[in-house]
$ cat upload-v3.cif   # mmCIF, C-alpha atoms
data_model
#
loop_
_atom_site.label_atom_id
_atom_site.label_comp_id
_atom_site.auth_asym_id
_atom_site.auth_seq_id
_atom_site.Cartn_x
_atom_site.Cartn_y
_atom_site.Cartn_z
CA MET A 15 15.53 180.67 210.95
CA ILE A 16 18.02 180.08 213.75
CA ASN A 17 20.49 182.76 214.80
CA LEU A 18 23.66 182.09 216.77
CA ALA A 19 24.98 184.05 219.72
CA HIS A 20 28.41 183.39 221.20
CA SER A 21 29.62 184.58 224.58
CA ALA A 22 32.65 183.96 226.74
CA GLY A 23 33.46 184.63 230.36
CA ALA A 24 35.27 183.44 233.43
CA PHE A 25 34.89 182.59 237.06
CA LEU A 26 38.12 183.79 238.64
CA LYS A 27 39.12 182.32 241.99
CA ARG A 28 41.11 183.91 244.82
CA ASN A 29 41.66 181.67 247.84
CA ASN A 30 38.13 180.32 248.50
CA GLU A 31 36.27 183.13 246.72
CA TYR A 32 35.05 183.62 243.15
CA LEU A 33 34.69 186.90 241.32
CA LEU A 34 31.09 187.29 240.16
CA MET A 35 29.16 190.13 238.61
CA LEU A 36 25.79 191.26 239.88
CA ARG A 37 24.13 192.34 236.64
CA ALA A 38 22.65 195.84 236.76
CA ALA A 39 18.92 196.28 237.31
CA ASP A 40 18.50 197.97 233.91
CA ARG A 41 20.02 195.09 231.89
CA LYS A 42 17.68 193.71 229.22
CA PHE A 43 18.71 190.09 229.83
CA LEU A 44 18.81 188.68 233.38
CA PRO A 45 18.80 191.93 235.41
CA ASN A 46 19.78 191.63 239.10
CA THR A 47 21.26 188.19 238.43
CA TRP A 48 24.71 186.97 239.47
CA SER A 49 26.94 185.84 236.63
CA ASN A 50 30.50 185.31 235.58
CA VAL A 51 32.57 188.17 234.22
CA GLY A 52 32.04 188.07 230.50
CA GLY A 53 29.80 188.85 227.59
CA GLY A 54 29.21 188.62 223.89
CA MET A 55 31.96 187.67 221.51
CA GLU A 56 32.77 189.95 218.60
CA SER A 57 32.68 188.38 215.13
CA HIS A 58 36.48 188.33 214.79
CA GLU A 59 36.73 186.42 218.13
CA CYS A 60 34.57 183.44 217.15
CA GLU A 61 37.61 181.26 216.54
CA ASN A 62 39.26 182.34 219.78
CA PRO A 63 36.84 182.46 222.72
CA GLN A 64 39.73 182.81 225.18
CA ALA A 65 40.66 186.14 223.58
CA ALA A 66 37.04 187.27 224.00
CA CYS A 67 37.08 186.09 227.61
CA LEU A 68 40.27 188.02 228.39
CA ARG A 69 38.91 191.14 226.66
CA GLU A 70 35.70 190.95 228.72
CA ILE A 71 37.65 190.45 231.96
CA LYS A 72 39.78 193.50 231.18
CA GLU A 73 36.76 195.64 230.23
CA GLU A 74 34.65 194.67 233.24
CA THR A 75 37.30 194.42 235.95
CA GLY A 76 40.53 196.02 234.76
CA ILE A 77 42.35 192.73 235.44
CA ASP A 78 45.02 192.05 232.79
CA ALA A 79 45.72 188.66 231.21
CA GLY A 80 49.13 188.64 232.92
CA GLU A 81 47.42 188.78 236.32
CA ILE A 82 45.46 185.57 235.67
CA ARG A 83 46.83 182.08 236.27
CA ASN A 84 45.63 178.69 235.01
CA LEU A 85 42.85 180.10 232.81
CA ALA A 86 41.25 177.09 231.16
CA LEU A 87 38.09 176.40 229.22
CA ARG A 88 36.01 174.13 231.44
CA TYR A 89 32.43 174.33 230.08
CA ILE A 90 30.58 175.04 226.87
CA ILE A 91 26.90 175.69 227.52
CA VAL A 92 24.40 175.37 224.65
CA ARG A 93 20.86 176.64 224.98
CA GLN A 94 18.03 177.89 222.82
CA ARG A 95 16.05 181.05 223.52
CA GLY A 96 13.40 181.61 220.89
CA SER A 97 15.08 181.51 217.50
CA CYS A 98 18.55 182.05 218.98
CA VAL A 99 20.95 179.24 219.88
CA GLY A 100 23.56 180.44 222.34
CA HIS A 101 27.00 179.02 222.97
CA THR A 102 28.69 180.18 226.16
CA TYR A 103 32.37 179.39 226.68
CA VAL A 104 33.09 179.33 230.41
CA TYR A 105 36.64 179.56 231.70
CA PHE A 106 37.94 179.14 235.22
CA GLY A 107 41.17 180.70 236.43
CA GLU A 108 42.92 182.24 239.41
CA THR A 109 44.01 185.77 240.27
CA ASP A 110 45.19 187.81 243.21
CA ALA A 111 44.32 191.07 241.45
CA GLU A 112 41.59 193.40 242.62
CA PRO A 113 39.03 194.76 240.16
CA SER A 114 39.91 198.36 239.36
CA VAL A 115 37.22 199.60 236.95
CA THR A 116 33.49 200.15 237.07
CA THR A 117 31.03 199.37 234.31
CA ASP A 118 27.35 199.90 233.63
CA GLU A 119 27.05 196.12 233.12
CA GLY A 120 26.90 195.61 236.90
CA THR A 121 29.16 195.38 239.94
CA VAL A 122 31.78 192.75 240.70
CA HIS A 123 32.16 191.08 244.08
CA TRP A 124 34.26 188.34 245.65
CA ILE A 125 31.82 185.60 246.76
CA PRO A 126 32.87 182.75 249.09
CA GLU A 127 32.60 179.36 247.38
CA SER A 128 30.19 178.23 250.12
CA GLU A 129 27.77 181.03 249.11
CA LEU A 130 27.87 180.66 245.30
CA LEU A 131 24.68 178.63 245.07
CA ASN A 132 22.84 180.97 247.48
CA ARG A 133 22.81 183.69 244.80
CA THR A 134 20.23 184.39 242.10
CA LEU A 135 21.85 182.73 239.09
CA SER A 136 20.60 181.82 235.62
CA VAL A 137 19.36 178.24 235.55
CA THR A 138 22.19 177.18 233.25
CA PHE A 139 24.92 178.78 235.39
CA ARG A 140 23.39 177.32 238.55
CA ALA A 141 23.45 173.84 237.02
CA MET A 142 26.99 174.37 235.73
CA LEU A 143 28.30 175.57 239.11
CA GLU A 144 26.61 172.64 240.87
CA HIS A 145 28.29 170.29 238.40
CA TYR A 146 31.66 172.05 238.73
CA LEU A 147 31.60 172.00 242.54
CA ASN A 148 30.32 168.41 242.85
CA THR A 149 32.11 166.76 239.91
CA PRO A 150 35.49 168.42 239.43
CA ASP A 151 37.12 167.23 236.20
CA PRO A 152 40.10 169.37 235.23
CA ALA A 153 41.07 166.94 232.46
CA HIS A 154 38.05 167.63 230.23
CA VAL A 155 35.98 170.38 228.76
CA ILE A 156 32.37 169.63 229.68
CA ALA A 157 29.56 170.40 227.24
CA GLY A 158 26.17 171.16 228.72
CA CYS A 159 23.01 171.16 226.65
CA ALA A 160 19.88 172.75 228.11
CA GLU A 161 16.68 170.73 227.65
CA ASN A 162 13.09 171.59 228.47
CA ASP A 163 11.99 168.94 230.95
CA GLY A 164 8.31 169.60 231.58
CA GLY A 165 8.81 173.36 231.87
CA LYS A 166 12.04 173.12 233.85
CA CYS A 167 15.57 173.38 232.58
CA ARG A 168 17.55 170.16 232.71
CA MET A 169 21.19 170.10 231.73
CA VAL A 170 22.68 167.12 229.93
CA TRP A 171 26.44 166.92 230.51
CA ALA A 172 29.06 165.25 228.31
CA LYS A 173 32.86 165.23 228.30
CA LEU A 174 34.34 166.51 225.07
CA GLU A 175 36.85 163.95 223.91
CA ASP A 176 38.74 163.37 220.71
CA PHE A 177 37.03 160.43 219.03
CA GLU A 178 39.23 160.21 215.92
CA GLY A 179 40.45 156.69 215.53
CA ALA A 180 37.59 155.28 217.63
CA THR A 181 35.44 152.58 216.11
CA SER A 182 31.69 152.75 215.88
#
$ encode --input "upload-v3.cif" --output "structure tokens"
Amino acid sequence: MINLAHSAGAFLKRNNEYLLMLRAADRKFLPNTWSNVGGGMESHECENPQAACLREIKEETGIDAGEIRNLALRYIIVRQRGSCVGHTYVYFGETDAEPSVTTDEGTVHWIPESELLNRTLSVTFRAMLEHYLNTPDPAHVIAGCAENDGGKCRMVWAKLEDFEGATS
């Protein structure tokens, strides 16, 4: 049996820095790993990942939706971990606000863009950030599917496009 897990989060930019969370050492999944601000979606949020993203931002940073500009869904990451298929909705946006809350999830830090890939990241977020930084495409949501390539994670990227009316 396959179970589904949905999560949503954001990479918020300020000048040339991105707000990332260093996950706490006692976290069950990916401790001491850098990540976006975000987390699991609640069942009533499954049809609105942006609402889940904004809730997570508020909970983990104290930053309100009104303090965020140009928040847009840029990536959907799909991966399997055991019997669980995860969908992660990744937003990018901008803010001038400073985080004002603390959480047991981890600590948030502004990281210069030039240092993003020098951090310990999950393999899927590393691949996504490499793609985002090297292939900017603000016109499309990009879907990334994680594949096992001889024991290493390989991401397969595709633009999500409306195909209605297209011929086969």
$ residues_around --input "upload-v3.cif" --residues "Leu26 of chain A" --least-positions-apart "3" --cutoff "9 Å" --atoms "all atoms listed in the file" --output "PyMOL selection string"
chain A and resi 31-34+50-51+82+85+105-109
$ closest_residue --input "upload-v3.cif" --among "A:Ala86, A:Ala38, A:Cys67, A:Ala19" --to "Pro152 of chain A" --atoms "only C-alpha atoms"
A:Ala86
$ residues_near_point --input "upload-v3.cif" --point "(19.6, 184.2, 219.5)" --cutoff "10 Å" --atoms "all atoms listed in the file" --output "PyMOL selection string"
chain A and resi 16-20+93-101
$ closest_residue --input "upload-v3.cif" --among "A:Phe139, A:Tyr103, A:Trp171, A:Tyr146" --to "Met55 of chain A" --atoms "only C-alpha atoms"
A:Tyr103
$ resolve_selection --input "upload-v3.cif" --expression "the PyMOL selection byres ((chain A and resi 121) around 8)" --output "number ranges by chain"
A: 35-38, 116-120, 122-123
$ closest_residue --input "upload-v3.cif" --among "A:Ala79, A:Leu87, A:Ala22, A:Leu174" --to "Glu56 of chain A" --atoms "all atoms listed in the file"
A:Ala22
$ closest_residue --input "upload-v3.cif" --among "A:Val115, A:Asp110, A:Pro45, A:Val104" --to "Glu73 of chain A" --atoms "only C-alpha atoms"
A:Val115
$ atom_distance --input "upload-v3.cif" --atom1 "atom CA of Asn148 of chain A" --atom2 "atom CA of Gln64 of chain A"
24.7 Å
$ closest_residue --input "upload-v3.cif" --among "A:Asp78, A:Arg83, A:Tyr89, A:Ser128" --to "Pro113 of chain A" --atoms "only C-alpha atoms"
A:Asp78
$ resolve_selection --input "upload-v3.cif" --expression "the PyMOL selection byres ((chain A and resi 134) around 8)" --output "PDB file with C-alpha atoms, in the coordinates of the input"
ATOM      1  CA  ASN A  46      19.780 191.630 239.100  1.00  0.00           C
ATOM      2  CA  THR A  47      21.260 188.190 238.430  1.00  0.00           C
ATOM      3  CA  TRP A  48      24.710 186.970 239.470  1.00  0.00           C
ATOM      4  CA  LEU A 131      24.680 178.630 245.070  1.00  0.00           C
ATOM      5  CA  ASN A 132      22.840 180.970 247.480  1.00  0.00           C
ATOM      6  CA  ARG A 133      22.810 183.690 244.800  1.00  0.00           C
ATOM      7  CA  LEU A 135      21.850 182.730 239.090  1.00  0.00           C
ATOM      8  CA  SER A 136      20.600 181.820 235.620  1.00  0.00           C
TER       9      SER A 136
END
$ resolve_selection --input "upload-v3.cif" --expression "the PyMOL selection byres ((chain A and resi 172) around 12)" --output "PyMOL selection string"
chain A and resi 88-92+142+145+151+154-160+169-171+173-175
$ atom_distance --input "upload-v3.cif" --atom1 "atom CA of Thr102 of chain A" --atom2 "atom CA of Gly52 of chain A"
9.6 Å
$ residues_around --input "upload-v3.cif" --residues "Asn30 of chain A" --least-positions-apart "5" --cutoff "10 Å" --atoms "all atoms listed in the file" --output "number ranges by chain"
A: 124-128
$ closest_residue --input "upload-v3.cif" --among "A:His58, A:Lys72, A:Arg41, A:Lys166" --to "Glu112 of chain A" --atoms "all atoms listed in the file"
A:Lys72
$ atom_distance --input "upload-v3.cif" --atom1 "atom CA of Ser57 of chain A" --atom2 "atom CA of Arg69 of chain A"
13.4 Å
$ axis_aligned_box --input "upload-v3.cif" --around "segment 98-117 of chain A" --padding-each-side "3 Å" --output "lines of an AutoDock Vina configuration file"
center_x = 31.9
center_y = 189.6
center_z = 231.1
size_x = 32.6
size_y = 27.1
size_z = 30.2
